[in-house]
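Take a look at the structure below.
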Amino acid sequence: MSALTMLVVAGVTGCGQSTENAQPTQRVTKENPAMRSEVPLIRSVALDKAGEIVNLEFELPPPIENASSTLLLGLRVVTPDTEAGLKRSSEIIRSHLSARVRLLRIEQDSISQIPLFRNTPDLQDRVAIGADGAVPGVTSSDVERSQLENAGLFDDALFHDVLMFAGTQDATPGHYRLTIQLDQDHPGLGPEPVELLIAYMGRGK
């Protein structure tokens with residue numbers, strides 16, 4: 001099975017390494033959530049430059065109680081106060097963050113592309129995403145909260161807002177690779193990073 005591979009944050013690259021030259025394993029704890037390779041997980045990403053902002057392999061466990069089997073592939077804005085967070089989220093939505101989002105399931109003898117959907121801007125419907133992975137931007141969304149709390153990825157003292165690039169229904173546990181490529185520069189969003197978020201949505205979402 002392929003090693004963990006990641007390309008995140010403009011100007012910073014990480015890639016999977018073979019067993020022979022891999023770095024010593026670091027213990028994954030609530031104090032270093034960025035080390036998680038199992039859903040739910042987060043990574044820091046910048047949105048101001050075009051190109052690949054995510055290239056990440058991860059493990060998908062079964063959904064926990066209260067979570068649905070629908071997997072969200074999106075962003076999370078985390079700020080000290082609500083006003084700043086809502087402003088940041090609004091800026092990202094209004095920027096029409098067009099991108100190419102692809103999710104591959106990696107098995108021992110095969111690699112398959114997973115069908116994805118996106119929300120319509122009015123959040124009233126879901127639209128199938130083509131094989132090219134093209135999405136016109138992000139929309140407001142949410143995920144099941146307790147999975148984040150259990151993984152140490154939620155702080156009650158901070159404001160959290162979830163935005164969706166894409167999702168997949170009836171996600172099967174296993175090993176996956178997610179890539180996200182922005183089509184254009186967005187200098188208005190600045191280099192300040194947000195979080196890539198991969199997590200299960202709640203029931204009824």
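We name chains A, B, ... following the order of the structure tokens; residues begin at 1 in each chain, and ligands are numbered from 1 as shown.
Proximity to region 122-135 of chain A at 10 Å, evaluated using only C-alpha atoms and with sequence-adjacent residues fewer than 5 positions away removed, yields His96, Leu97, Ser98, Ala99, Arg100, Val101, Arg102, Leu103, Gln113, Ile114, Pro115, Leu116, Phe117, Ser140, Ser141, Phe165, Ala166, Gly167, Thr168, Thr179, Ile180, Gln181, Leu182 and Asp183 of chain A.
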Exercise. For region 171-176 of chain A, list every protein, DNA or RNA residue within 12 Å, evaluated using only C-alpha atoms, and leave out those in the same chain fewer than 2 positions away; present the list as a ChimeraX atom specification.
Key: /A:1-5,37-39,55-64,67-73,102-108,110-116,167-169,178-179,198-201
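The coordinates place CA of His160 (chain A) at 11.2 Å from CA of Glu83 (chain A).
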Just list as a PDB file with all heavy atoms, in the first residue's frame whatever in region 131-172 of chain A DSSP marks as strand (DSSP E).
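This is the output file states.pdb:
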```pdb
ATOM      1  N   ALA A 134     -14.248  18.924 -11.696  1.00  0.00           N
ATOM      2  CA  ALA A 134     -14.417  20.377 -11.684  1.00  0.00           C
ATOM      3  C   ALA A 134     -15.552  20.806 -10.757  1.00  0.00           C
ATOM      4  O   ALA A 134     -16.678  20.307 -10.858  1.00  0.00           O
ATOM      5  CB  ALA A 134     -14.680  20.891 -13.090  1.00  0.00           C
ATOM      6  N   VAL A 135     -15.249  21.729  -9.854  1.00  0.00           N
ATOM      7  CA  VAL A 135     -16.247  22.343  -8.990  1.00  0.00           C
ATOM      8  C   VAL A 135     -16.105  23.862  -9.095  1.00  0.00           C
ATOM      9  O   VAL A 135     -14.994  24.372  -9.245  1.00  0.00           O
ATOM     10  CB  VAL A 135     -16.106  21.900  -7.519  1.00  0.00           C
ATOM     11  CG1 VAL A 135     -16.335  20.401  -7.387  1.00  0.00           C
ATOM     12  CG2 VAL A 135     -14.747  22.264  -6.962  1.00  0.00           C
ATOM     13  N   THR A 139     -19.285  25.727  -0.776  1.00  0.00           N
ATOM     14  CA  THR A 139     -20.573  26.125  -0.209  1.00  0.00           C
ATOM     15  C   THR A 139     -20.555  25.852   1.294  1.00  0.00           C
ATOM     16  O   THR A 139     -19.761  25.044   1.793  1.00  0.00           O
ATOM     17  CB  THR A 139     -21.732  25.334  -0.841  1.00  0.00           C
ATOM     18  OG1 THR A 139     -21.470  23.926  -0.726  1.00  0.00           O
ATOM     19  CG2 THR A 139     -21.902  25.698  -2.313  1.00  0.00           C
ATOM     20  N   SER A 140     -21.440  26.521   2.012  1.00  0.00           N
ATOM     21  CA  SER A 140     -21.556  26.289   3.450  1.00  0.00           C
ATOM     22  C   SER A 140     -21.982  24.850   3.715  1.00  0.00           C
ATOM     23  O   SER A 140     -22.779  24.271   2.975  1.00  0.00           O
ATOM     24  CB  SER A 140     -22.585  27.240   4.060  1.00  0.00           C
ATOM     25  OG  SER A 140     -22.154  28.576   3.974  1.00  0.00           O
ATOM     26  N   SER A 141     -21.465  24.273   4.780  1.00  0.00           N
ATOM     27  CA  SER A 141     -21.804  22.893   5.110  1.00  0.00           C
ATOM     28  C   SER A 141     -21.533  22.650   6.588  1.00  0.00           C
ATOM     29  O   SER A 141     -21.326  23.589   7.367  1.00  0.00           O
ATOM     30  CB  SER A 141     -20.999  21.933   4.225  1.00  0.00           C
ATOM     31  OG  SER A 141     -21.505  20.618   4.331  1.00  0.00           O
ATOM     32  N   PHE A 159     -14.192  29.780  17.064  1.00  0.00           N
ATOM     33  CA  PHE A 159     -15.274  29.699  16.083  1.00  0.00           C
ATOM     34  C   PHE A 159     -14.852  28.767  14.953  1.00  0.00           C
ATOM     35  O   PHE A 159     -13.739  28.861  14.433  1.00  0.00           O
ATOM     36  CB  PHE A 159     -15.570  31.092  15.519  1.00  0.00           C
ATOM     37  CG  PHE A 159     -16.509  31.073  14.336  1.00  0.00           C
ATOM     38  CD1 PHE A 159     -17.876  30.992  14.522  1.00  0.00           C
ATOM     39  CD2 PHE A 159     -16.013  31.139  13.039  1.00  0.00           C
ATOM     40  CE1 PHE A 159     -18.746  30.981  13.440  1.00  0.00           C
ATOM     41  CE2 PHE A 159     -16.873  31.138  11.948  1.00  0.00           C
ATOM     42  CZ  PHE A 159     -18.241  31.047  12.156  1.00  0.00           C
ATOM     43  N   HIS A 160     -15.748  27.854  14.569  1.00  0.00           N
ATOM     44  CA  HIS A 160     -15.471  26.900  13.493  1.00  0.00           C
ATOM     45  C   HIS A 160     -16.560  27.025  12.429  1.00  0.00           C
ATOM     46  O   HIS A 160     -17.747  27.038  12.753  1.00  0.00           O
ATOM     47  CB  HIS A 160     -15.481  25.462  14.019  1.00  0.00           C
ATOM     48  CG  HIS A 160     -14.505  25.205  15.125  1.00  0.00           C
ATOM     49  ND1 HIS A 160     -13.342  24.487  14.942  1.00  0.00           N
ATOM     50  CD2 HIS A 160     -14.504  25.568  16.431  1.00  0.00           C
ATOM     51  CE1 HIS A 160     -12.676  24.407  16.072  1.00  0.00           C
ATOM     52  NE2 HIS A 160     -13.367  25.062  17.003  1.00  0.00           N
ATOM     53  N   ASP A 161     -16.154  27.067  11.170  1.00  0.00           N
ATOM     54  CA  ASP A 161     -17.124  27.094  10.074  1.00  0.00           C
ATOM     55  C   ASP A 161     -16.638  26.163   8.973  1.00  0.00           C
ATOM     56  O   ASP A 161     -15.459  26.195   8.587  1.00  0.00           O
ATOM     57  CB  ASP A 161     -17.287  28.514   9.531  1.00  0.00           C
ATOM     58  CG  ASP A 161     -18.553  28.670   8.699  1.00  0.00           C
ATOM     59  OD1 ASP A 161     -19.517  27.914   8.929  1.00  0.00           O
ATOM     60  OD2 ASP A 161     -18.583  29.552   7.822  1.00  0.00           O
ATOM     61  N   VAL A 162     -17.544  25.327   8.465  1.00  0.00           N
ATOM     62  CA  VAL A 162     -17.194  24.298   7.487  1.00  0.00           C
ATOM     63  C   VAL A 162     -17.703  24.680   6.106  1.00  0.00           C
ATOM     64  O   VAL A 162     -18.851  25.111   5.953  1.00  0.00           O
ATOM     65  CB  VAL A 162     -17.781  22.930   7.898  1.00  0.00           C
ATOM     66  CG1 VAL A 162     -17.517  21.874   6.828  1.00  0.00           C
ATOM     67  CG2 VAL A 162     -17.195  22.490   9.235  1.00  0.00           C
ATOM     68  N   LEU A 163     -16.843  24.505   5.103  1.00  0.00           N
ATOM     69  CA  LEU A 163     -17.173  24.777   3.709  1.00  0.00           C
ATOM     70  C   LEU A 163     -16.905  23.524   2.884  1.00  0.00           C
ATOM     71  O   LEU A 163     -15.910  22.840   3.102  1.00  0.00           O
ATOM     72  CB  LEU A 163     -16.333  25.939   3.163  1.00  0.00           C
ATOM     73  CG  LEU A 163     -16.381  27.239   3.967  1.00  0.00           C
ATOM     74  CD1 LEU A 163     -15.389  28.254   3.395  1.00  0.00           C
ATOM     75  CD2 LEU A 163     -17.790  27.827   3.979  1.00  0.00           C
ATOM     76  N   MET A 164     -17.779  23.231   1.937  1.00  0.00           N
ATOM     77  CA  MET A 164     -17.649  22.010   1.144  1.00  0.00           C
ATOM     78  C   MET A 164     -17.162  22.284  -0.270  1.00  0.00           C
ATOM     79  O   MET A 164     -17.712  23.125  -0.974  1.00  0.00           O
ATOM     80  CB  MET A 164     -18.989  21.277   1.058  1.00  0.00           C
ATOM     81  CG  MET A 164     -18.968  20.069   0.107  1.00  0.00           C
ATOM     82  SD  MET A 164     -20.597  19.366  -0.212  1.00  0.00           S
ATOM     83  CE  MET A 164     -20.808  18.388   1.270  1.00  0.00           C
ATOM     84  N   PHE A 165     -16.105  21.569  -0.682  1.00  0.00           N
ATOM     85  CA  PHE A 165     -15.765  21.456  -2.099  1.00  0.00           C
ATOM     86  C   PHE A 165     -16.625  20.371  -2.731  1.00  0.00           C
ATOM     87  O   PHE A 165     -17.251  20.554  -3.762  1.00  0.00           O
ATOM     88  CB  PHE A 165     -14.292  21.060  -2.284  1.00  0.00           C
ATOM     89  CG  PHE A 165     -13.327  22.208  -2.362  1.00  0.00           C
ATOM     90  CD1 PHE A 165     -12.323  22.328  -1.423  1.00  0.00           C
ATOM     91  CD2 PHE A 165     -13.406  23.143  -3.378  1.00  0.00           C
ATOM     92  CE1 PHE A 165     -11.405  23.367  -1.498  1.00  0.00           C
ATOM     93  CE2 PHE A 165     -12.504  24.183  -3.455  1.00  0.00           C
ATOM     94  CZ  PHE A 165     -11.494  24.294  -2.523  1.00  0.00           C
ATOM     95  N   ALA A 166     -16.615  19.199  -2.097  1.00  0.00           N
ATOM     96  CA  ALA A 166     -17.299  18.031  -2.649  1.00  0.00           C
ATOM     97  C   ALA A 166     -17.597  17.047  -1.531  1.00  0.00           C
ATOM     98  O   ALA A 166     -17.102  17.176  -0.402  1.00  0.00           O
ATOM     99  CB  ALA A 166     -16.425  17.363  -3.711  1.00  0.00           C
ATOM    100  N   GLY A 167     -18.395  16.055  -1.861  1.00  0.00           N
ATOM    101  CA  GLY A 167     -18.696  14.990  -0.916  1.00  0.00           C
ATOM    102  C   GLY A 167     -18.900  13.697  -1.671  1.00  0.00           C
ATOM    103  O   GLY A 167     -19.040  13.688  -2.897  1.00  0.00           O
ATOM    104  N   THR A 168     -18.905  12.601  -0.938  1.00  0.00           N
ATOM    105  CA  THR A 168     -19.220  11.312  -1.535  1.00  0.00           C
ATOM    106  C   THR A 168     -20.142  10.550  -0.600  1.00  0.00           C
ATOM    107  O   THR A 168     -19.945  10.547   0.618  1.00  0.00           O
ATOM    108  CB  THR A 168     -17.956  10.491  -1.851  1.00  0.00           C
ATOM    109  OG1 THR A 168     -18.337   9.277  -2.508  1.00  0.00           O
ATOM    110  CG2 THR A 168     -17.149  10.161  -0.602  1.00  0.00           C
TER     111      THR A 168
END
```
Quiz item: What is the distance, in Å and to one decimal place, between CA of Asp48 (chain A) and CA of Arg88 (chain A)?
Solution: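 Those two atoms sit 13.2 Å apart.
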Quiz prompt | Minimum-distance residue to Ser95 (chain A), chosen among A:Gln184, A:Thr79, A:Asn66, A:Thr120 (using only C-alpha atoms) | solution =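 Smallest distance to Ser95 (chain A) is found for A:Gln184.
Taking only C-alpha atoms into account, Pro121 (chain A) lies nearest to A:Val138 out of the set A:Val138, A:Glu149, A:Arg203, A:Asp109.
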Practice problem: Using only C-alpha atoms, find the one residue out of A:Leu41, A:Ala46, A:Ala84, A:Leu75 that sits nearest to Gly190 (chain A). | Solution: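 Distance minimum relative to Gly190 (chain A) lands on A:Ala46.
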